[in-house]
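Notes to accompany the following structure.
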Amino acid sequence: MDALWECLSPPLLPAVAAGVKEFGFAKMTPVQAACIPRMLSYQDVAAEAVTGSGKTLAFLVPTLQMILRREDPIKKYEVYAMILSPSRELASQIHEVLQVLLKHSKKVSSLLLVGGGNVSEDVAKFESNGGHIIVGTPGRIEDIFNRCESGGTSLRLACKALEVLILDEADLLLEMGFTETINTILAYLPKQRRTGLFSATQTSDVVNLIRAGLRNPVQIRVRQTSADITMLCSV
Ligand SMILES: Nc1ncnc2c1ncn2[C@@H]1O[C@H](COP(=O)(O)OP(=O)(O)OP(=O)(O)O)[C@@H](O)[C@H]1O
């Protein structure tokens with residue numbers, strides 16, 4: 001399959017293309033080639049893809065492109081996208097990849113919100129720098145949202161116009177017992193948003209989450225064996 005980044009139509013904006021170039025990958029992986037155009041045409045995506053298939057750029061690239069192509073520039077305290085990941089390590093890895101991608105998009109900010117550190121420090125970081133793309137673990141984000149109740153922070157308000165939600169490793173998120181936490185977070189986010197859900201397997205819990213959190217999603221399945229890569233796409 002010929003899936004050169006340059007073949008995307010409409011093309012990537014120069015700052016996004018320059019960010020992608022930093023990684024040195026000439027072609028998109030199948031999951032990237034399937035997800036990026038669909039997310040860029042504002043479709044919800046439910047992707048079943050094996051580990052190592054390149055999911056991270058499959059959702060970060062369209063998210064950045066959507067932020068940069070907005071007519072009115074994004075405000076400092078507006079959260080455009082939230083990426084939920086099951087563990088600190090996975091969230092940190094996504095955030096690291098994002099830092100590389102953002103090298104040529106200086107006006108776009110990001111924030112990592114994961115457990116382990118001090119919640120008040122996270123709140124203070126958001127209050128001083130904002131975060132257009134938030135990458136985090138569900139527990140920490142729910143915690144910060146709930147603190148808003150006592151008037152602590154504006155993260156909840158900043159998410160009022162959120163446009164993109166990504167649920168990464170959704171099967172793991174649910175296996176780890178985050179179902180209620182995710183439902184709490186979903187209740188705080190606008191219904192008029194685009195949602196991408198990525199998982200290694202679509203368990204019945206994942207299917208339920210797709211029904212609850214996504215709208216008419218495009219189902220994408222990428223199966224990668226050591227010998228070949230096959231891809232199935234259906235609407
Ligand atoms: N277009 C590409 N061409 C070649 N390699 C790529 C491409 N995109 C990503 N990769 C590399 O593939 C590896 C897996 O990518 P990524 O971490 O996004 O996969 P993943 O599917 O999220 O895997 P995991 O489930 O392990 O997190 C990484 O080392 C990444 O740098």
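Identifiers in this document derive from the order of the structure tokens: chains are assigned A, B, ..., residues are numbered from 1 separately in each chain, and ligands are numbered from 1 in order of occurrence.
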List all protein, DNA and RNA residues that have any atom at most 9 Å from ligand 1, counting only C-alpha atoms and all ligand atoms, and write the list as a ChimeraX atom specification. /A:3-5,20,23-33,49-58,90,93-94,97,168-169,198-200
With a distance cut-off of 12 Å and only C-alpha atoms, select the neighbouring residues of Thr203 of chain A, excluding the residue or stretch itself and same-chain residues fewer than 4 positions from it, and output the selection as JSON, numbers by chain. {"A": [48, 169, 170, 171, 172, 173, 174, 175, 198, 199, 207, 208, 209, 210]}
Running DSSP on the backbone, which parts of segment 4-215 of chain A land in alpha helix (DSSP H), as JSON, numbers by chain? {"A": [14, 15, 16, 17, 18, 19, 20, 21, 30, 31, 32, 33, 34, 35, 36, 37, 38, 39, 40, 55, 56, 57, 58, 59, 60, 61, 62, 63, 64, 65, 66, 67, 68, 88, 89, 90, 91, 92, 93, 94, 95, 96, 97, 98, 99, 100, 101, 119, 120, 121, 122, 123, 124, 125, 126, 127, 128, 129, 138, 139, 140, 141, 142, 143, 144, 145, 146, 147, 155, 156, 157, 158, 170, 171, 172, 173, 174, 175, 179, 180, 181, 182, 183, 184, 185, 186, 187, 188, 204, 205, 206, 207, 208, 209, 210, 211, 212, 213]}
Interatomic distance (Å, one decimal) between atom CA of Glu89 of chain A and atom CA of Leu167 of chain A: 15.3 Å
Using the chain letters and numbers from this document, which residues of segment 90-143 of chain A does DSSP assign to strand (DSSP E or B), as a VMD selection string? chain A and resid 110 to 113 133 to 136
Take atom CA of Arg38 of chain A and atom CA of Leu68 of chain A and report the distance between them in Å, one decimal.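 That distance, rounded to one decimal, is 17.0 Å.
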Which value, in Å to one decimal, gives the distance between atom CA of Ser92 of chain A and atom CA of Leu60 of chain A? 13.8 Å
Tell me which protein, DNA and RNA residues are within 10 Å of Asp143 of chain A, counting only C-alpha atoms, leaving out same-chain ones fewer than 3 positions away, and put them as a PyMOL selection string. chain A and resi 115+119+138-140+146-148+181+185
With a distance cut-off of 7 Å and only C-alpha atoms, select the neighbouring residues of Gln43 of chain A, excluding the residue or stretch itself and same-chain residues fewer than 6 positions from it, and output the selection as a PyMOL selection string. chain A and resi 194+217-218
